[in-house]
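S.K.: mmCIF, C-alpha atoms, file upload_0.cif:
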```
data_run
loop_
_atom_site.label_atom_id
_atom_site.label_comp_id
_atom_site.auth_asym_id
_atom_site.auth_seq_id
_atom_site.Cartn_x
_atom_site.Cartn_y
_atom_site.Cartn_z
CA MET A 1 -11.34 141.26 94.09
CA ALA A 2 -13.39 142.45 97.03
CA ASP A 3 -11.49 144.15 99.84
CA PRO A 4 -11.92 141.73 102.76
CA ALA A 5 -12.23 144.67 105.13
CA ILE A 6 -15.26 145.96 103.22
CA ASN A 7 -17.04 143.09 101.55
CA MET A 8 -17.32 139.36 101.21
CA GLU A 9 -17.14 137.21 98.09
CA ILE A 10 -19.80 134.58 97.46
CA GLY A 11 -19.59 131.96 94.76
CA ILE A 12 -20.09 128.43 93.50
CA SER A 13 -17.88 125.35 93.56
CA THR A 14 -18.43 122.06 91.78
CA PHE A 15 -16.73 118.75 91.01
CA LEU A 16 -18.84 118.44 87.82
CA GLU A 17 -20.75 115.48 89.21
CA THR A 18 -21.97 112.79 86.80
CA THR A 19 -23.50 110.45 89.37
CA PRO A 20 -26.65 108.47 88.53
CA ASP A 21 -29.92 110.21 89.33
CA PRO A 22 -31.04 108.58 92.61
CA GLU A 23 -34.63 108.31 91.39
CA THR A 24 -34.24 107.30 87.72
CA GLY A 25 -30.82 105.63 87.87
CA LYS A 26 -29.74 107.50 84.74
CA ALA A 27 -26.37 109.26 84.66
CA ILE A 28 -25.67 112.42 82.74
CA SER A 29 -22.86 112.15 80.19
CA GLN A 30 -19.58 113.78 81.12
CA ALA A 31 -19.72 115.87 77.93
CA GLU A 32 -23.14 117.25 78.84
CA ARG A 33 -22.01 118.05 82.39
CA LEU A 34 -19.06 120.01 81.02
CA ARG A 35 -21.38 122.06 78.82
CA GLU A 36 -23.68 122.68 81.76
CA ALA A 37 -20.75 124.08 83.73
CA VAL A 38 -20.24 126.76 81.09
CA GLU A 39 -23.91 127.73 81.41
CA GLU A 40 -23.51 127.89 85.18
CA MET A 41 -20.51 130.21 84.94
CA GLU A 42 -22.36 132.49 82.53
CA LEU A 43 -25.37 132.72 84.83
CA ALA A 44 -23.25 133.14 87.97
CA ASP A 45 -21.54 136.09 86.29
CA GLN A 46 -24.86 137.63 85.25
CA VAL A 47 -26.41 137.44 88.73
CA GLY A 48 -23.41 139.06 90.41
CA LEU A 49 -21.60 136.16 92.05
CA ASP A 50 -17.90 136.67 92.65
CA VAL A 51 -16.23 133.35 91.95
CA TYR A 52 -16.74 129.92 90.33
CA GLY A 53 -14.48 127.01 91.21
CA ILE A 54 -13.99 123.54 89.73
CA GLY A 55 -12.36 120.71 91.66
CA GLU A 56 -9.91 118.34 89.97
CA HIS A 57 -10.80 114.65 90.16
CA HIS A 58 -9.94 111.57 88.12
CA ARG A 59 -12.86 109.22 88.64
CA PRO A 60 -15.99 108.25 86.67
CA ASP A 61 -18.47 110.15 88.84
CA TYR A 62 -16.81 113.55 88.29
CA ALA A 63 -16.01 115.22 84.95
CA GLY A 64 -13.59 117.83 86.28
CA SER A 65 -10.19 116.33 85.49
CA SER A 66 -9.05 119.51 83.65
CA PRO A 67 -10.45 122.52 85.52
CA ALA A 68 -8.41 125.11 83.61
CA VAL A 69 -9.87 123.98 80.28
CA VAL A 70 -13.47 124.21 81.50
CA LEU A 71 -12.81 127.54 83.20
CA ALA A 72 -11.33 128.89 79.98
CA ALA A 73 -14.58 128.04 78.20
CA GLY A 74 -16.37 129.95 80.95
CA ALA A 75 -14.00 132.89 80.57
CA ALA A 76 -15.22 133.38 77.02
CA VAL A 77 -18.84 133.92 78.14
CA THR A 78 -18.24 135.90 81.35
CA LYS A 79 -16.99 139.39 82.15
CA ARG A 80 -16.22 139.79 85.85
CA ILE A 81 -16.50 136.55 87.81
CA ARG A 82 -13.27 135.05 89.12
CA LEU A 83 -12.38 131.56 87.91
CA THR A 84 -10.48 129.12 90.10
CA SER A 85 -9.61 125.51 90.61
CA ALA A 86 -11.17 124.05 93.75
CA VAL A 87 -8.75 122.32 94.01
CA THR A 88 -5.73 121.58 91.82
CA VAL A 89 -4.17 118.35 93.10
CA LEU A 90 -0.70 119.82 93.00
CA SER A 91 1.03 116.76 94.49
CA SER A 92 0.39 114.68 91.36
CA ASP A 93 0.74 117.45 88.77
CA ASP A 94 3.65 119.36 87.27
CA PRO A 95 3.89 122.90 88.67
CA VAL A 96 5.23 124.19 85.36
CA ARG A 97 2.13 122.99 83.53
CA VAL A 98 -0.17 124.16 86.32
CA TYR A 99 1.25 127.66 86.11
CA GLN A 100 1.09 127.67 82.31
CA GLN A 101 -2.53 126.50 82.26
CA PHE A 102 -3.70 129.09 84.75
CA SER A 103 -1.61 131.93 83.38
CA THR A 104 -3.19 131.11 80.01
CA LEU A 105 -6.61 131.23 81.67
CA ASP A 106 -5.59 134.52 83.26
CA GLY A 107 -4.82 135.94 79.84
CA ILE A 108 -8.06 134.73 78.28
CA SER A 109 -10.10 136.10 81.18
CA ASN A 110 -8.05 139.31 81.45
CA GLY A 111 -6.88 138.73 84.98
CA ARG A 112 -9.59 136.62 86.62
CA ALA A 113 -7.79 133.30 87.19
CA GLU A 114 -6.76 131.74 90.49
CA ILE A 115 -5.15 128.50 91.61
CA MET A 116 -6.35 126.70 94.71
CA ALA A 117 -3.64 124.15 95.50
CA GLY A 118 -4.21 121.12 97.68
CA ARG A 119 -2.98 117.62 98.35
CA GLY A 120 -6.33 116.13 97.40
CA SER A 121 -8.78 114.16 99.52
CA PHE A 122 -9.15 111.60 96.74
CA ILE A 123 -6.10 109.59 95.67
CA GLU A 124 -6.91 108.40 92.12
CA SER A 125 -4.48 110.84 90.52
CA PHE A 126 -1.42 109.39 92.30
CA PRO A 127 -1.26 105.98 90.56
CA LEU A 128 -2.60 107.55 87.36
CA PHE A 129 0.43 109.85 87.09
CA GLY A 130 2.94 107.49 88.63
CA TYR A 131 3.32 108.87 92.15
CA SER A 132 3.52 107.00 95.44
CA LEU A 133 1.22 107.80 98.35
CA ASP A 134 4.26 107.25 100.56
CA ASP A 135 5.45 110.65 99.29
CA TYR A 136 2.07 112.35 99.86
CA ASP A 137 3.29 115.21 102.06
CA GLU A 138 6.75 115.61 100.56
CA LEU A 139 5.33 115.90 97.03
CA PHE A 140 3.06 118.76 98.00
CA ASP A 141 5.73 120.71 99.86
CA GLU A 142 8.19 120.42 97.00
CA LYS A 143 5.74 121.22 94.24
CA LEU A 144 4.24 124.18 96.05
CA GLU A 145 7.74 125.58 96.44
CA LEU A 146 8.30 125.26 92.68
CA LEU A 147 4.89 126.71 91.77
CA LEU A 148 5.54 129.80 93.88
CA ALA A 149 9.02 130.17 92.40
CA ILE A 150 7.54 130.11 88.89
CA ARG A 151 4.83 132.55 89.87
CA ASP A 152 7.33 135.00 91.31
CA SER A 153 10.02 134.90 88.61
CA GLU A 154 10.02 134.56 84.83
CA LYS A 155 13.30 132.63 84.90
CA VAL A 156 13.53 129.76 87.37
CA THR A 157 16.39 127.79 88.85
CA TRP A 158 15.18 124.97 91.06
CA ARG A 159 16.13 121.50 92.25
CA GLY A 160 14.07 118.92 94.14
CA GLY A 161 13.69 115.22 94.70
CA HIS A 162 10.63 114.30 92.62
CA ARG A 163 11.07 116.30 89.42
CA PRO A 164 13.98 117.05 87.08
CA ALA A 165 15.85 120.22 87.99
CA ILE A 166 15.29 123.53 86.19
CA ASP A 167 18.33 125.67 85.41
CA ASN A 168 17.52 129.31 84.62
CA LEU A 169 14.63 128.53 82.27
CA GLY A 170 11.64 130.75 81.48
CA VAL A 171 8.02 129.70 81.97
CA TYR A 172 5.42 131.27 79.65
CA PRO A 173 2.95 132.86 79.21
CA ARG A 174 3.22 135.13 82.22
CA SER A 175 0.00 135.93 84.03
CA VAL A 176 -1.89 139.20 83.70
CA GLN A 177 -2.12 139.41 87.49
CA ASN A 178 1.15 139.91 89.28
CA PRO A 179 1.26 137.74 91.22
CA LEU A 180 -1.21 135.11 90.02
CA PRO A 181 -3.31 134.29 93.12
CA VAL A 182 -2.44 130.95 94.72
CA TRP A 183 -4.57 129.68 97.61
CA ILE A 184 -3.87 126.77 99.94
CA ALA A 185 -6.81 124.39 100.34
CA SER A 186 -7.24 122.41 103.54
CA GLY A 187 -9.73 119.98 104.95
CA GLY A 188 -8.76 120.97 108.48
CA ASN A 189 -5.12 119.94 108.81
CA PRO A 190 -3.33 122.24 111.30
CA GLN A 191 -0.06 121.97 109.37
CA SER A 192 -1.80 123.24 106.23
CA ALA A 193 -3.06 126.27 108.14
CA ILE A 194 0.42 126.97 109.50
CA ARG A 195 2.01 126.52 106.05
CA ALA A 196 -0.41 128.96 104.43
CA GLY A 197 0.11 131.50 107.18
CA LEU A 198 3.90 131.34 107.05
CA LEU A 199 3.80 131.81 103.28
CA GLY A 200 1.27 134.64 103.51
CA LEU A 201 -1.09 132.82 101.15
CA PRO A 202 -4.90 132.89 101.34
CA ILE A 203 -6.48 129.71 102.69
CA ALA A 204 -9.67 127.80 101.89
CA PHE A 205 -11.16 125.36 104.39
CA ALA A 206 -13.46 122.57 103.23
CA ILE A 207 -16.16 122.33 105.90
CA ILE A 208 -18.45 119.45 105.02
CA GLY A 209 -19.28 118.06 108.45
CA GLY A 210 -19.63 119.04 112.07
CA MET A 211 -20.06 122.67 113.08
CA PRO A 212 -18.18 125.33 111.08
CA GLU A 213 -17.38 127.22 114.29
CA ARG A 214 -15.03 124.40 115.24
CA PHE A 215 -12.64 125.68 112.58
CA ALA A 216 -12.02 128.85 114.63
CA PRO A 217 -8.83 127.44 116.23
CA LEU A 218 -7.45 126.70 112.76
CA VAL A 219 -8.17 130.26 111.68
CA GLU A 220 -6.30 131.52 114.74
CA LEU A 221 -3.41 129.16 114.02
CA TYR A 222 -3.28 130.47 110.46
CA LYS A 223 -3.29 134.10 111.54
CA ARG A 224 -0.69 133.52 114.24
CA ALA A 225 1.67 131.84 111.78
CA ALA A 226 1.17 134.69 109.32
CA ALA A 227 1.98 137.30 111.95
CA GLN A 228 5.09 135.41 113.06
CA ALA A 229 6.30 135.41 109.44
CA GLY A 230 5.78 139.16 109.12
CA HIS A 231 2.50 139.11 107.17
CA ASP A 232 -0.47 141.26 108.13
CA PRO A 233 -3.21 138.80 109.19
CA ASP A 234 -5.92 141.40 108.56
CA LYS A 235 -5.03 141.49 104.87
CA LEU A 236 -5.18 137.73 104.34
CA GLN A 237 -8.20 136.06 102.79
CA ILE A 238 -10.02 133.09 104.30
CA ALA A 239 -12.50 131.04 102.31
CA THR A 240 -14.76 128.15 103.19
CA HIS A 241 -16.29 125.53 100.94
CA SER A 242 -19.50 123.80 102.05
CA HIS A 243 -22.24 121.72 100.47
CA GLY A 244 -25.64 123.30 100.10
CA PHE A 245 -28.57 124.28 97.98
CA VAL A 246 -30.92 127.25 97.69
CA ALA A 247 -34.57 127.10 96.62
CA ASP A 248 -37.59 129.35 96.98
CA THR A 249 -38.57 127.60 100.21
CA THR A 250 -36.50 125.74 102.79
CA GLU A 251 -38.75 122.69 102.44
CA GLN A 252 -38.21 122.59 98.69
CA ALA A 253 -34.45 122.96 99.06
CA ALA A 254 -34.29 120.21 101.66
CA GLU A 255 -36.27 117.74 99.52
CA LEU A 256 -34.42 118.47 96.28
CA PHE A 257 -30.96 118.17 97.81
CA TYR A 258 -31.42 115.17 100.09
CA LEU A 259 -31.48 112.14 97.77
CA PRO A 260 -28.52 113.21 95.58
CA THR A 261 -26.53 114.04 98.72
CA GLN A 262 -27.42 110.76 100.40
CA ALA A 263 -26.49 108.73 97.33
CA GLN A 264 -23.09 110.38 96.90
CA MET A 265 -22.21 110.40 100.59
CA ASN A 266 -22.99 106.70 100.82
CA VAL A 267 -20.70 105.99 97.87
CA ILE A 268 -17.85 107.90 99.51
CA GLY A 269 -18.68 106.37 102.87
CA ARG A 270 -18.34 102.84 101.47
CA GLU A 271 -15.03 103.74 99.84
CA ARG A 272 -13.63 105.17 103.07
CA GLY A 273 -15.11 102.70 105.50
CA TRP A 274 -17.30 105.12 107.43
CA GLY A 275 -19.55 102.25 108.53
CA GLN A 276 -22.84 104.04 109.10
CA PRO A 277 -25.01 104.99 106.09
CA TYR A 278 -26.01 108.61 105.53
CA THR A 279 -29.50 109.13 106.94
CA ARG A 280 -32.18 111.78 106.80
CA ALA A 281 -31.56 112.49 110.49
CA THR A 282 -27.87 113.16 109.76
CA TYR A 283 -28.88 115.42 106.89
CA ASP A 284 -31.46 117.38 108.87
CA GLU A 285 -29.04 117.96 111.72
CA ALA A 286 -26.37 119.21 109.30
CA ARG A 287 -28.74 121.74 107.73
CA SER A 288 -29.61 123.32 111.08
CA LEU A 289 -28.33 126.83 111.77
CA ARG A 290 -25.00 125.67 113.25
CA GLY A 291 -24.52 122.72 110.89
CA ALA A 292 -22.27 122.40 107.86
CA LEU A 293 -24.99 122.11 105.18
CA TYR A 294 -26.21 125.41 103.70
CA VAL A 295 -29.64 124.20 102.56
CA GLY A 296 -32.70 126.40 102.61
CA ASP A 297 -34.44 129.47 101.31
CA PRO A 298 -32.39 132.62 100.60
CA GLU A 299 -33.00 134.14 104.02
CA PHE A 300 -31.90 131.04 105.91
CA VAL A 301 -28.79 130.44 103.79
CA ALA A 302 -27.86 134.10 104.17
CA GLU A 303 -28.30 133.82 107.95
CA LYS A 304 -25.91 130.87 108.02
CA ILE A 305 -23.31 132.71 105.93
CA ILE A 306 -23.51 135.73 108.22
CA LEU A 307 -22.99 133.45 111.23
CA LEU A 308 -19.98 131.92 109.46
CA ARG A 309 -18.53 135.38 108.92
CA LYS A 310 -19.05 136.18 112.61
CA ASN A 311 -17.46 132.95 113.84
CA LEU A 312 -14.54 132.57 111.39
CA GLY A 313 -14.05 135.98 109.76
CA VAL A 314 -14.29 134.48 106.28
CA THR A 315 -13.87 136.74 103.26
CA ARG A 316 -15.12 134.23 100.68
CA PHE A 317 -17.81 131.56 100.75
CA PHE A 318 -18.16 128.74 98.21
CA LEU A 319 -21.50 126.94 98.00
CA HIS A 320 -20.99 123.48 96.53
CA VAL A 321 -24.40 123.14 94.93
CA ASN A 322 -24.61 119.67 93.42
CA VAL A 323 -23.04 117.01 95.63
CA GLY A 324 -24.71 114.45 93.37
CA THR A 325 -26.48 114.77 90.04
CA MET A 326 -29.43 117.19 90.18
CA PRO A 327 -31.75 118.57 87.49
CA HIS A 328 -29.86 121.33 85.73
CA ARG A 329 -32.80 123.72 85.90
CA GLU A 330 -32.80 123.41 89.69
CA VAL A 331 -29.06 124.04 89.88
CA LEU A 332 -29.44 127.15 87.72
CA ARG A 333 -32.26 128.36 89.96
CA ALA A 334 -30.06 127.86 93.04
CA ILE A 335 -27.29 129.89 91.42
CA GLU A 336 -29.76 132.61 90.51
CA LEU A 337 -31.09 132.80 94.07
CA LEU A 338 -27.59 132.80 95.54
CA GLY A 339 -26.64 135.79 93.41
CA THR A 340 -29.87 137.81 93.44
CA LYS A 341 -31.19 137.06 96.94
CA VAL A 342 -28.62 135.54 99.28
CA ALA A 343 -25.59 137.68 98.42
CA PRO A 344 -27.45 141.02 98.72
CA ILE A 345 -28.86 140.02 102.15
CA VAL A 346 -25.38 139.08 103.38
CA ARG A 347 -23.74 142.23 102.07
CA LYS A 348 -26.44 144.51 103.45
CA GLU A 349 -26.17 142.94 106.89
CA LEU A 350 -22.38 143.11 106.92
CA ALA A 351 -22.51 146.75 105.89
CA ARG A 352 -24.88 147.40 108.80
CA THR A 353 -23.08 145.40 111.49
CA GLU A 354 -19.50 146.12 110.46
CA GLY A 355 -20.10 149.77 109.65
CA LYS A 356 -18.87 149.54 106.06
CA ALA A 357 -20.52 150.97 102.98
#
```
Any chance you could give the structure as structure tokens?
M.R.:
Amino acid sequence: MADPAINMEIGISTFLETTPDPETGKAISQAERLREAVEEMELADQVGLDVYGIGEHHRPDYAGSSPAVVLAAGAAVTKRIRLTSAVTVLSSDDPVRVYQQFSTLDGISNGRAEIMAGRGSFIESFPLFGYSLDDYDELFDEKLELLLAIRDSEKVTWRGGHRPAIDNLGVYPRSVQNPLPVWIASGGNPQSAIRAGLLGLPIAFAIIGGMPERFAPLVELYKRAAAQAGHDPDKLQIATHSHGFVADTTEQAAELFYLPTQAQMNVIGRERGWGQPYTRATYDEARSLRGALYVGDPEFVAEKIILLRKNLGVTRFFLHVNVGTMPHREVLRAIELLGTKVAPIVRKELARTEGKA
């Protein structure tokens, strides 16, 4: 893993979208999308990207209900890229199984697995696995406590309110990495930032609207909590996850990414009662230099990432490439450009401005 004081990690995140093509109306099969993800991981590894993440969802327009399984397939065709959930909906899962799945992935990949744990912005998994949304916060707190206990000790004794107790039992296999990296994922909740800081865990912020610089107070809150708990804030990692797309020209990127983004954002907007439809004006504003969409040619996307580093001190950046279904060849091209063009520009500039080789 890159030393945050020297470098910055850049990678891809996906929910394995299987939404209908906004122009043809045809939807890719979930099986095909899963196979495409393996190709994406292989290419991301080849072009020098640092990390590939898959978000867990349980709905028909996403195929990523079992991130660890898909990541394990990617582990077999990659050599160095880190493989993470983005996120694991820990509140509705069993921490024992989560640890086992990702420690297994860690073994297959020889120490490249990570868990990004979150409460989930979608709620389909709660009724599916028999949990009540009334326990939304309590479930996450309790299960994170158990996951960290399993991570830190082969034999576990634990008791909580939503899962049967464990009395001095072992959890296997153990991870290659010691400890197995566990991140906290947050959409901007101050309590999540404080929790991660107190625990000394790395944090990932999902920034999908507004101006990324507005997350600066949350970063400060996180670092302050870490310092109060005796952790060195300068050694903690901060990631962001944002939608975006890279093409050879900014105009090409903007046109390719707009319709799939509009279609998917309008679906989510109807589900959540946002009221106003997603428009081209909204999109164009978001892809401006200070906006939350990282859409453009390599130079422009690199400029936005460098600004993000300056404003938030991030050590890892996830580009969520396909918000809706896009032609696979275009997604692969975006991954190629991110690895061969964007990342080198960012790293060269950081080496120059931060005085690091």
S.K.: Just want the 10 Å neighbourhood of segment 141-154 of chain A, counted on all atoms listed in the file, with same-chain residues fewer than 4 positions away dropped. Output as a PyMOL selection string.
M.R.: chain A and resi 90-100+103+117-119+136-137+158-163+166+168-175+178-182+184+195+199
S.K.: Hey, what's within 6 Å of Met116 of chain A if we count all atoms listed in the file and toss same-chain stuff fewer than 2 positions away? As a list in words, please?
M.R.: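 The neighbour list is Ser85, Ala86, Val87, Thr88, Val182, Trp183 and Ile184 of chain A.
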S.K.: What do you get, as a PyMOL selection string, if you spell out every residue that the PyMOL selection byres ((chain A and resi 35) around 12) selects here?
M.R.: chain A and resi 16+28-34+36-42+63-64+69-71+73-74+328
S.K.: Output C-alpha atoms for every residue in that selection, as a PDB file, in the frame of the given file.
M.R.:
```pdb
ATOM      1  CA  LEU A  16     -18.840 118.440  87.820  1.00  0.00           C
ATOM      2  CA  ILE A  28     -25.670 112.420  82.740  1.00  0.00           C
ATOM      3  CA  SER A  29     -22.860 112.150  80.190  1.00  0.00           C
ATOM      4  CA  GLN A  30     -19.580 113.780  81.120  1.00  0.00           C
ATOM      5  CA  ALA A  31     -19.720 115.870  77.930  1.00  0.00           C
ATOM      6  CA  GLU A  32     -23.140 117.250  78.840  1.00  0.00           C
ATOM      7  CA  ARG A  33     -22.010 118.050  82.390  1.00  0.00           C
ATOM      8  CA  LEU A  34     -19.060 120.010  81.020  1.00  0.00           C
ATOM      9  CA  GLU A  36     -23.680 122.680  81.760  1.00  0.00           C
ATOM     10  CA  ALA A  37     -20.750 124.080  83.730  1.00  0.00           C
ATOM     11  CA  VAL A  38     -20.240 126.760  81.090  1.00  0.00           C
ATOM     12  CA  GLU A  39     -23.910 127.730  81.410  1.00  0.00           C
ATOM     13  CA  GLU A  40     -23.510 127.890  85.180  1.00  0.00           C
ATOM     14  CA  MET A  41     -20.510 130.210  84.940  1.00  0.00           C
ATOM     15  CA  GLU A  42     -22.360 132.490  82.530  1.00  0.00           C
ATOM     16  CA  ALA A  63     -16.010 115.220  84.950  1.00  0.00           C
ATOM     17  CA  GLY A  64     -13.590 117.830  86.280  1.00  0.00           C
ATOM     18  CA  VAL A  69      -9.870 123.980  80.280  1.00  0.00           C
ATOM     19  CA  VAL A  70     -13.470 124.210  81.500  1.00  0.00           C
ATOM     20  CA  LEU A  71     -12.810 127.540  83.200  1.00  0.00           C
ATOM     21  CA  ALA A  73     -14.580 128.040  78.200  1.00  0.00           C
ATOM     22  CA  GLY A  74     -16.370 129.950  80.950  1.00  0.00           C
ATOM     23  CA  HIS A 328     -29.860 121.330  85.730  1.00  0.00           C
TER      24      HIS A 328
END
```
S.K.: Point out the residue among A:Ser242, A:Thr353, A:Thr340, A:Asn266 with the least atom-to-atom distance to Ala292 of chain A, counting all atoms listed in the file.
M.R.: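 Using all atoms listed in the file, Ala292 of chain A sits closest to A:Ser242.
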S.K.: So the first atom is atom CA of Val246 of chain A and the second is atom CA of Ile81 of chain A; what is the distance between them in Å, to one decimal place?
M.R.: 19.8 Å
S.K.: Run the PyMOL selection byres ((chain A and resi 250) around 12) against the file shown and list the residues it catches, as a list in words.
M.R.: Gly244, Phe245, Val246, Ala247, Asp248, Thr249, Glu251, Gln252, Ala253, Ala254, Glu255, Leu256, Phe257, Asp284, Arg287, Ser288, Tyr294, Val295, Gly296, Asp297, Pro298, Glu299, Phe300, Val301 and Ala334 of chain A
S.K.: Those residues with C-alpha atoms, as a short mmCIF file (atom, residue, chain, number, x, y, z; two decimals), keeping the file's coordinate frame please?
M.R.:
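The new file selection_15.cif reads:
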```
data_model
loop_
_atom_site.label_atom_id
_atom_site.label_comp_id
_atom_site.auth_asym_id
_atom_site.auth_seq_id
_atom_site.Cartn_x
_atom_site.Cartn_y
_atom_site.Cartn_z
CA GLY A 244 -25.64 123.30 100.10
CA PHE A 245 -28.57 124.28 97.98
CA VAL A 246 -30.92 127.25 97.69
CA ALA A 247 -34.57 127.10 96.62
CA ASP A 248 -37.59 129.35 96.98
CA THR A 249 -38.57 127.60 100.21
CA GLU A 251 -38.75 122.69 102.44
CA GLN A 252 -38.21 122.59 98.69
CA ALA A 253 -34.45 122.96 99.06
CA ALA A 254 -34.29 120.21 101.66
CA GLU A 255 -36.27 117.74 99.52
CA LEU A 256 -34.42 118.47 96.28
CA PHE A 257 -30.96 118.17 97.81
CA ASP A 284 -31.46 117.38 108.87
CA ARG A 287 -28.74 121.74 107.73
CA SER A 288 -29.61 123.32 111.08
CA TYR A 294 -26.21 125.41 103.70
CA VAL A 295 -29.64 124.20 102.56
CA GLY A 296 -32.70 126.40 102.61
CA ASP A 297 -34.44 129.47 101.31
CA PRO A 298 -32.39 132.62 100.60
CA GLU A 299 -33.00 134.14 104.02
CA PHE A 300 -31.90 131.04 105.91
CA VAL A 301 -28.79 130.44 103.79
CA ALA A 334 -30.06 127.86 93.04
#
```
S.K.: Given the PyMOL selection byres ((chain A and resi 231-233) around 12) and the file above, list the residues it selects as a VMD selection string.
M.R.: chain A and resid 4 to 5 196 to 203 219 to 230 234 to 238 313
S.K.: Atom CA of Arg82 of chain A and atom CA of Phe205 of chain A are how many Å apart?
M.R.: 18.2 Å
S.K.: How many Å separate atom CA of Ala206 of chain A from atom CA of His243 of chain A?
M.R.: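 Separation of atom CA of Ala206 of chain A and atom CA of His243 of chain A: 9.2 Å.
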S.K.: Nearest to Ile194 of chain A among A:Gln177, A:Gly209, A:Pro217, A:Glu330, with distances taken over all atoms listed in the file: which residue is it?
M.R.: A:Pro217
S.K.: In terms of the shortest atom-to-atom distance over all atoms listed in the file, which of A:Ile12, A:Val89, A:Leu308, A:Leu332 is closest to Ile123 of chain A?
M.R.: A:Val89
S.K.: Have a look at A:Met326, A:Ala263, A:Ala286, A:Ile335 and name the one nearest to Asp45 of chain A; count only C-alpha atoms.
M.R.: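 Once distances to Asp45 of chain A are computed over only C-alpha atoms, the minimum belongs to A:Ile335.
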S.K.: Would you list the contacts of Pro344 of chain A as a PyMOL selection string, taking every protein, DNA or RNA residue within 12 Å and counting only C-alpha atoms, but skipping same-chain residues closer than 3 positions in sequence?
M.R.: chain A and resi 7-10+47-49+298-299+301-303+305-306+336-341+347-351
